[in-house]
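Content type mmCIF, C-alpha atoms, from the file protein-v7.cif:
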data_data
#
loop_
_atom_site.label_atom_id
_atom_site.label_comp_id
_atom_site.auth_asym_id
_atom_site.auth_seq_id
_atom_site.Cartn_x
_atom_site.Cartn_y
_atom_site.Cartn_z
CA MET A 1023 0.00 0.00 0.00
CA ASN A 1024 1.54 3.33 -1.08
CA GLU A 1025 1.82 6.09 1.48
CA MET A 1026 -0.09 9.26 0.65
CA GLN A 1027 2.29 11.90 -0.60
CA GLU A 1028 2.32 14.92 1.69
CA THR A 1029 1.53 18.25 0.02
CA PRO A 1030 4.69 20.38 0.09
CA PHE A 1031 4.55 23.70 1.98
CA THR A 1032 5.31 26.72 -0.18
CA SER A 1033 6.19 30.21 0.94
CA GLY A 1034 7.56 33.39 -0.51
CA PHE A 1035 7.20 37.06 -1.32
CA VAL A 1036 5.19 38.65 -4.13
CA ALA A 1037 5.65 42.32 -5.02
CA LEU A 1038 2.64 44.28 -6.26
CA VAL A 1039 4.01 46.81 -8.74
CA GLY A 1040 2.61 49.24 -11.28
CA ARG A 1041 1.94 52.86 -12.03
CA PRO A 1042 0.26 55.03 -9.35
CA SER A 1043 -3.44 54.40 -8.69
CA VAL A 1044 -3.67 51.02 -10.46
CA GLY A 1045 -5.17 49.35 -7.38
CA LYS A 1046 -2.24 47.73 -5.54
CA SER A 1047 -3.41 48.70 -2.06
CA THR A 1048 -7.03 47.87 -2.90
CA LEU A 1049 -5.96 44.39 -4.00
CA LEU A 1050 -3.99 43.88 -0.79
CA ASN A 1051 -6.99 44.91 1.32
CA ALA A 1052 -9.29 42.62 -0.67
CA VAL A 1053 -6.98 39.63 -0.20
CA MET A 1054 -6.69 40.32 3.54
CA GLY A 1055 -10.41 40.88 3.97
CA GLU A 1056 -9.84 44.08 5.93
CA LYS A 1057 -8.47 47.56 5.51
CA LEU A 1058 -4.72 47.58 6.17
CA ALA A 1059 -3.39 49.77 3.36
CA ILE A 1060 -4.77 53.23 2.73
CA THR A 1061 -6.38 54.11 -0.58
CA SER A 1062 -7.45 57.32 -2.30
CA PRO A 1063 -7.93 58.71 -5.83
CA VAL A 1064 -4.68 60.67 -5.38
CA ALA A 1065 -1.59 59.33 -7.14
CA GLN A 1066 1.31 58.26 -4.89
CA THR A 1067 -1.00 57.54 -1.96
CA THR A 1068 1.23 54.62 -0.92
CA ARG A 1069 4.54 55.82 0.51
CA ARG A 1070 5.58 52.92 2.73
CA ARG A 1071 6.40 49.40 1.69
CA LEU A 1072 3.77 47.25 3.41
CA ARG A 1073 3.96 43.49 3.87
CA ALA A 1074 0.74 41.54 4.45
CA VAL A 1075 0.83 37.85 5.31
CA VAL A 1076 -1.67 35.36 3.84
CA ASN A 1077 -1.63 31.96 5.55
CA THR A 1078 -3.22 28.77 4.20
CA ASP A 1079 -2.79 25.13 5.25
CA HIS A 1080 -0.10 24.61 2.62
CA SER A 1081 1.41 28.04 1.99
CA GLN A 1082 2.40 31.42 3.32
CA LEU A 1083 2.16 34.24 0.81
CA VAL A 1084 3.75 37.57 1.79
CA MET A 1085 2.27 40.36 -0.31
CA VAL A 1086 4.44 43.47 -0.65
CA ASP A 1087 2.51 46.63 -1.49
CA THR A 1088 4.83 49.21 -3.07
CA PRO A 1089 4.56 52.90 -4.00
CA GLY A 1090 3.46 53.54 -7.57
CA LEU A 1091 6.36 53.94 -9.98
CA HIS A 1092 6.38 57.41 -11.51
CA LYS A 1093 8.59 60.20 -12.84
CA PRO A 1094 9.93 61.81 -9.64
CA LYS A 1095 9.84 65.57 -9.10
CA ASP A 1096 11.61 65.74 -5.73
CA ALA A 1097 13.67 63.73 -3.23
CA LEU A 1098 10.54 62.06 -1.88
CA GLY A 1099 9.53 60.87 -5.37
CA LYS A 1100 13.01 59.46 -5.98
CA GLU A 1101 12.93 57.64 -2.65
CA LEU A 1102 9.49 56.14 -3.36
CA ASN A 1103 10.78 54.78 -6.67
CA ARG A 1104 13.77 53.29 -4.82
CA VAL A 1105 11.37 51.58 -2.41
CA ALA A 1106 9.33 50.05 -5.23
CA LEU A 1107 12.28 49.02 -7.40
CA GLY A 1108 14.14 47.66 -4.41
CA GLU A 1109 11.38 45.12 -3.81
CA LEU A 1110 11.80 43.71 -7.32
CA ALA A 1111 15.33 42.64 -6.45
CA ASP A 1112 14.36 40.26 -3.66
CA VAL A 1113 10.99 38.59 -4.28
CA ASP A 1114 9.88 35.21 -5.56
CA ALA A 1115 7.03 36.55 -7.67
CA VAL A 1116 5.94 39.84 -9.21
CA ALA A 1117 2.36 40.88 -9.92
CA PHE A 1118 2.35 43.69 -12.51
CA LEU A 1119 -0.93 45.61 -12.23
CA ILE A 1120 -2.54 47.56 -15.07
CA ASP A 1121 -5.76 49.55 -14.75
CA ALA A 1122 -8.41 48.22 -17.14
CA THR A 1123 -9.77 51.73 -17.68
CA LYS A 1124 -6.58 53.66 -18.49
CA PRO A 1125 -4.60 53.53 -21.77
CA VAL A 1126 -1.37 51.56 -21.58
CA GLY A 1127 1.47 54.02 -22.12
CA ARG A 1128 5.17 54.74 -21.79
CA GLY A 1129 4.98 54.69 -18.01
CA ASP A 1130 3.68 51.13 -18.07
CA LYS A 1131 6.44 50.15 -20.49
CA TRP A 1132 9.05 51.59 -18.14
CA VAL A 1133 7.65 49.55 -15.23
CA ALA A 1134 7.37 46.45 -17.43
CA ASN A 1135 11.05 46.72 -18.33
CA HIS A 1136 11.94 46.56 -14.64
CA VAL A 1137 9.57 43.63 -14.13
CA GLU A 1138 11.12 41.75 -17.03
CA SER A 1139 14.65 42.29 -15.67
CA SER A 1140 13.63 41.11 -12.20
CA GLU A 1141 15.01 37.75 -11.11
CA ALA A 1142 11.63 36.71 -9.70
CA SER A 1143 10.79 33.22 -10.94
CA TYR A 1144 7.11 33.97 -11.55
CA LYS A 1145 5.64 37.04 -13.24
CA LEU A 1146 1.89 37.60 -13.30
CA LEU A 1147 0.02 40.21 -15.33
CA VAL A 1148 -3.01 41.52 -13.44
CA ILE A 1149 -5.67 43.67 -15.10
CA THR A 1150 -7.49 45.54 -12.32
CA LYS A 1151 -10.83 47.36 -11.95
CA ALA A 1152 -12.69 44.94 -14.22
CA ASP A 1153 -15.98 46.17 -12.73
CA LEU A 1154 -15.40 49.56 -14.40
CA ALA A 1155 -14.50 48.26 -17.87
CA THR A 1156 -16.29 46.57 -20.76
CA PRO A 1157 -15.15 43.15 -22.01
CA GLU A 1158 -13.78 44.90 -25.10
CA GLN A 1159 -11.70 47.29 -22.95
CA ILE A 1160 -10.32 44.40 -20.92
CA GLU A 1161 -9.33 42.44 -24.01
CA ALA A 1162 -7.65 45.52 -25.46
CA GLN A 1163 -5.69 46.02 -22.23
CA LEU A 1164 -4.58 42.40 -22.24
CA GLU A 1165 -3.34 42.72 -25.80
CA ALA A 1166 -1.49 45.96 -25.05
CA ALA A 1167 0.06 44.54 -21.86
CA ARG A 1168 1.23 41.36 -23.59
CA ALA A 1169 3.32 43.53 -25.88
CA LEU A 1170 5.15 45.11 -22.93
CA ALA A 1171 6.88 42.03 -21.53
CA HIS A 1172 6.68 38.26 -21.15
CA PHE A 1173 4.39 37.07 -18.36
CA ASP A 1174 3.95 33.54 -17.05
CA ASP A 1175 0.22 34.04 -16.42
CA GLU A 1176 -2.45 36.69 -16.63
CA LEU A 1177 -5.49 37.38 -14.49
CA VAL A 1178 -8.38 39.86 -14.64
CA ILE A 1179 -9.68 40.99 -11.24
CA SER A 1180 -12.03 43.36 -9.50
CA ALA A 1181 -10.91 43.95 -5.93
CA LYS A 1182 -14.02 46.03 -5.28
CA GLU A 1183 -16.33 43.19 -6.35
CA GLY A 1184 -14.10 40.40 -5.00
CA PHE A 1185 -13.79 38.93 -8.49
CA ASN A 1186 -10.85 36.51 -8.88
CA ILE A 1187 -9.29 37.55 -5.54
CA ASP A 1188 -9.14 33.95 -4.28
CA SER A 1189 -7.80 32.93 -7.68
CA PHE A 1190 -4.99 35.46 -7.30
CA VAL A 1191 -3.90 33.89 -3.99
CA GLU A 1192 -4.17 30.35 -5.35
CA LEU A 1193 -2.28 31.15 -8.53
CA VAL A 1194 0.62 32.91 -6.84
CA SER A 1195 0.86 30.40 -3.96
CA LYS A 1196 1.08 27.54 -6.45
CA HIS A 1197 4.20 29.09 -7.99
CA LEU A 1198 6.07 29.87 -4.77
CA PRO A 1199 9.08 27.74 -3.82
CA GLU A 1200 8.97 25.20 -1.02
CA GLY A 1201 9.95 26.92 2.21
CA PRO A 1202 9.10 27.76 5.84
CA ARG A 1203 6.61 30.18 7.34
CA TRP A 1204 8.58 33.42 7.36
CA PHE A 1205 6.16 35.09 9.78
CA PRO A 1206 4.04 33.80 12.71
CA GLU A 1207 0.57 32.55 11.74
CA ASP A 1208 -1.13 35.20 13.88
CA MET A 1209 0.70 38.06 12.14
CA ASP A 1210 -1.10 39.79 9.30
CA ILE A 1211 1.06 42.86 8.66
CA ASP A 1212 4.60 44.03 9.44
CA ALA A 1213 3.79 47.68 10.19
CA THR A 1214 3.69 49.13 13.71
CA PRO A 1215 0.48 50.65 15.15
CA GLU A 1216 2.16 54.08 14.98
CA GLU A 1217 2.90 53.67 11.27
CA LEU A 1218 -0.67 52.59 10.52
CA VAL A 1219 -2.15 55.44 12.57
CA SER A 1220 -0.04 57.91 10.57
CA GLU A 1221 -1.28 56.40 7.31
CA PHE A 1222 -4.95 56.43 8.31
CA VAL A 1223 -4.74 60.11 9.23
CA ARG A 1224 -2.93 60.94 5.98
CA GLU A 1225 -5.58 59.06 3.99
CA LYS A 1226 -8.33 61.30 5.37
CA VAL A 1227 -6.31 64.41 4.50
CA LEU A 1228 -5.90 63.11 0.93
CA LEU A 1229 -9.59 62.29 0.58
CA HIS A 1230 -10.73 65.73 1.70
CA MET A 1231 -8.02 67.99 0.29
CA ARG A 1232 -7.73 66.22 -3.10
CA GLN A 1233 -5.73 68.43 -5.47
CA GLU A 1234 -4.91 71.26 -3.08
CA ILE A 1235 -2.05 69.82 -1.04
CA PRO A 1236 -1.89 65.99 -1.19
CA HIS A 1237 1.79 65.51 -2.01
CA SER A 1238 2.87 68.15 0.51
CA VAL A 1239 1.35 66.25 3.44
CA GLY A 1240 3.16 63.92 5.80
CA VAL A 1241 1.90 62.56 9.14
CA ILE A 1242 3.78 61.47 12.25
CA CYS A 1243 2.16 59.52 15.09
CA ASP A 1244 3.88 61.00 18.16
CA ASP A 1245 2.36 58.79 20.86
CA ILE A 1246 -0.18 56.08 21.67
CA SER A 1247 -1.13 55.61 25.32
CA TRP A 1248 -3.78 53.55 27.09
CA SER A 1249 -6.04 54.15 30.07
CA LYS A 1250 -8.50 51.90 31.92
CA GLY A 1251 -11.30 50.27 29.98
CA ASP A 1252 -9.47 49.96 26.66
CA HIS A 1253 -9.46 53.68 25.98
CA ALA A 1254 -6.56 54.96 23.89
CA SER A 1255 -5.11 58.43 23.46
CA VAL A 1256 -3.30 59.15 20.21
CA ILE A 1257 -1.22 62.22 19.39
CA ALA A 1258 -0.35 62.88 15.75
CA THR A 1259 1.13 65.75 13.74
CA VAL A 1260 0.23 66.65 10.16
CA LEU A 1261 3.17 68.16 8.25
CA VAL A 1262 2.66 70.64 5.41
CA GLU A 1263 5.10 72.86 3.51
CA ARG A 1264 3.40 76.30 3.64
CA GLU A 1265 1.32 78.38 6.04
CA SER A 1266 -1.50 78.59 3.48
CA GLN A 1267 -1.66 74.77 3.45
CA LYS A 1268 -1.84 74.69 7.24
CA GLY A 1269 -4.86 76.96 7.07
CA MET A 1270 -6.59 74.68 4.56
CA VAL A 1271 -5.99 71.55 6.64
CA ILE A 1272 -7.32 73.23 9.78
CA GLY A 1273 -10.25 74.80 7.94
CA LYS A 1274 -12.55 77.62 8.95
CA GLY A 1275 -13.21 77.40 12.65
CA GLY A 1276 -11.22 74.14 12.75
CA ARG A 1277 -13.91 72.28 10.84
CA MET A 1278 -11.63 70.46 8.39
CA ILE A 1279 -9.17 69.11 10.96
CA LYS A 1280 -12.13 68.02 13.12
CA ARG A 1281 -13.64 66.17 10.17
CA ILE A 1282 -10.31 64.50 9.36
CA GLY A 1283 -9.91 63.46 12.99
CA THR A 1284 -13.45 62.11 13.31
CA GLU A 1285 -13.09 59.89 10.25
CA ALA A 1286 -9.55 58.75 11.10
CA ARG A 1287 -10.62 57.87 14.64
CA ARG A 1288 -13.01 55.19 13.36
CA ASP A 1289 -10.18 53.39 11.54
CA ILE A 1290 -7.85 53.81 14.51
CA GLU A 1291 -10.39 52.34 16.95
CA ARG A 1292 -10.74 49.29 14.71
CA LEU A 1293 -6.97 49.02 14.26
CA LEU A 1294 -6.20 49.22 17.98
CA GLY A 1295 -9.25 47.24 19.11
CA ALA A 1296 -10.07 50.14 21.45
CA ASP A 1297 -13.47 50.92 22.94
CA SER A 1298 -12.74 54.55 22.19
CA VAL A 1299 -9.89 56.72 20.96
CA TYR A 1300 -9.07 60.31 21.80
CA LEU A 1301 -7.19 61.69 18.79
CA ASP A 1302 -5.17 64.88 19.26
CA LEU A 1303 -4.24 66.27 15.82
CA SER A 1304 -2.02 69.28 15.22
CA VAL A 1305 -0.65 70.81 12.01
CA ARG A 1306 2.96 71.97 11.62
CA VAL A 1307 4.66 73.79 8.75
CA GLN A 1308 7.94 72.18 7.66
CA PRO A 1309 9.10 74.05 4.52
CA GLN A 1310 10.23 71.79 1.65
CA TRP A 1311 10.25 68.65 3.80
CA ARG A 1312 9.92 66.52 0.64
CA ARG A 1313 13.41 67.65 -0.39
CA ASP A 1314 14.93 66.89 3.02
CA ALA A 1315 16.39 63.37 3.24
CA ASN A 1316 16.41 63.49 7.06
CA GLU A 1317 12.73 64.44 7.20
CA ILE A 1318 11.82 61.73 4.68
CA ARG A 1319 13.68 59.22 6.85
CA ARG A 1320 11.95 60.43 10.02
CA LEU A 1321 8.58 59.93 8.36
CA GLY A 1322 9.54 56.37 7.44
CA TYR A 1323 9.32 56.81 3.65
CA GLN A 1324 12.90 55.78 2.87
CA ALA A 1325 14.01 52.61 1.10
CA GLU A 1326 15.75 49.92 3.12
CA GLU A 1327 19.47 49.63 2.53
#

As structure tokens:
Amino acid sequence: MNEMQETPFTSGFVALVGRPSVGKSTLLNAVMGEKLAITSPVAQTTRRRLRAVVNTDHSQLVMVDTPGLHKPKDALGKELNRVALGELADVDAVAFLIDATKPVGRGDKWVANHVESSEASYKLLVITKADLATPEQIEAQLEAARALAHFDDELVISAKEGFNIDSFVELVSKHLPEGPRWFPEDMDIDATPEELVSEFVREKVLLHMRQEIPHSVGVICDDISWSKGDHASVIATVLVERESQKGMVIGKGGRMIKRIGTEARRDIERLLGADSVYLDLSVRVQPQWRRDANEIRRLGYQAEE
């Protein structure tokens, strides 16, 4: 009688790469079944590399959300590109995301060239936002993307509708090498609470300020403290580059900063598992912080060496 062959355990890292706003963070959140990465209509929303861990009985998939690759205009932009490109050098798989609703252009070709030169053993083309496109648009995007580089597989998804999200995990996991669990089973993300609090506050600023000041905003979580009954106090500082921007973030009579704080507090309560959160937000002017390497490092937006 033959012994049943044990299913090998696979594990590894997959980088989500693509132009800004193609849906990398939305895909990560959909796979995880909860909001971990911030999203907004503003390009370059993602500034930190974020690792999310997906555990199954036979695999551990570590998804790496990266900043959107773009033509940089300042030191921050250059550093964000370094973060994204740095991940391509040390992953087992790469998922190259293309928005189903946007024309494939030179920017996508530039990213595709980096994907093709990556030493990752598995390269997956992912067409995102299928819920917003017609079948004809999706087929046209597939044809255009196939001309950019060689891919081992292709997949059409809608993170918003949950379409092909499980298939994404299954497909990538199947092509990971045999290996150990790199992270504990009860770990879902490698960011600290302070880093996530900063991101949730920044997301609300982006959503409400839109085109006025988005790229000039940084957020630092200065402190998280606890009192009896699972009540948390959080202190955070919003950085802007000009006095006029400070006025816009605060708003007339403090209405904008209050609105930002109220909405961010809901995410922070869920993140911390707190019964309630007192969020103390202030706004500070730091001229040209995006050109200051030390300030970029302090905010945690730098690439790992």

Practice task
Using the chain letters and residue numbers of this document, give as a ChimeraX atom specification the residues selected by the PyMOL selection byres ((chain A and resi 1173-1188) around 9).
Solution key: /A:1045,1048-1053,1122,1138,1144-1154,1160,1164,1168,1171-1172,1189-1193

Handout entry: Evaluate the PyMOL selection byres ((chain A and resi 1213) around 10) and report residues as a VMD selection string
Key = chain A and resid 1058 1070 to 1074 1210 to 1212 1214 to 1218

Exercise for the section: Excluding Arg1264 (chain A) and any residue of its chain fewer than 5 positions from it, enumerate the residues within 8 Å of it, using only C-alpha atoms, and give them as a list in words. Expected result: Val1307, Gln1308 and Pro1309 of chain A

Handout entry: For CA of Ser1047 (chain A) and CA of Pro1030 (chain A), the interatomic separation in Å (one decimal)
Key =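 CA of Pro1030 (chain A) lies at a distance of 29.5 Å from CA of Ser1047 (chain A).
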
Exercise for the section: Go ahead and compute the interatomic distance for CA of Glu1225 (chain A) and CA of Val1137 (chain A), in Å to one decimal. Expected result: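 Separation of CA of Glu1225 (chain A) and CA of Val1137 (chain A): 28.2 Å.
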
Exercise for the section: Give me, please, the distance in Å between CA of Ala1258 (chain A) and CA of Arg1224 (chain A), quoted to one decimal. Expected result: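 That distance, rounded to one decimal, is 10.3 Å.
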
Contacts of Ala1166 (chain A) at 12 Å or less, counting only C-alpha atoms, minus same-chain residues fewer than 3 places along, as a CSV table (one decimal) with C-alpha atoms, in the coordinates of the input?
chain,number,residue,atom,x,y,z
A,1120,ILE,CA,-2.5,47.6,-15.1
A,1121,ASP,CA,-5.8,49.6,-14.8
A,1122,ALA,CA,-8.4,48.2,-17.1
A,1124,LYS,CA,-6.6,53.7,-18.5
A,1125,PRO,CA,-4.6,53.5,-21.8
A,1126,VAL,CA,-1.4,51.6,-21.6
A,1127,GLY,CA,1.5,54.0,-22.1
A,1128,ARG,CA,5.2,54.7,-21.8
A,1130,ASP,CA,3.7,51.1,-18.1
A,1131,LYS,CA,6.4,50.2,-20.5
A,1134,ALA,CA,7.4,46.4,-17.4
A,1147,LEU,CA,0.0,40.2,-15.3
A,1149,ILE,CA,-5.7,43.7,-15.1
A,1159,GLN,CA,-11.7,47.3,-23.0
A,1160,ILE,CA,-10.3,44.4,-20.9
A,1161,GLU,CA,-9.3,42.4,-24.0
A,1162,ALA,CA,-7.6,45.5,-25.5
A,1163,GLN,CA,-5.7,46.0,-22.2
A,1169,ALA,CA,3.3,43.5,-25.9
A,1170,LEU,CA,5.2,45.1,-22.9
A,1171,ALA,CA,6.9,42.0,-21.5
A,1172,HIS,CA,6.7,38.3,-21.2
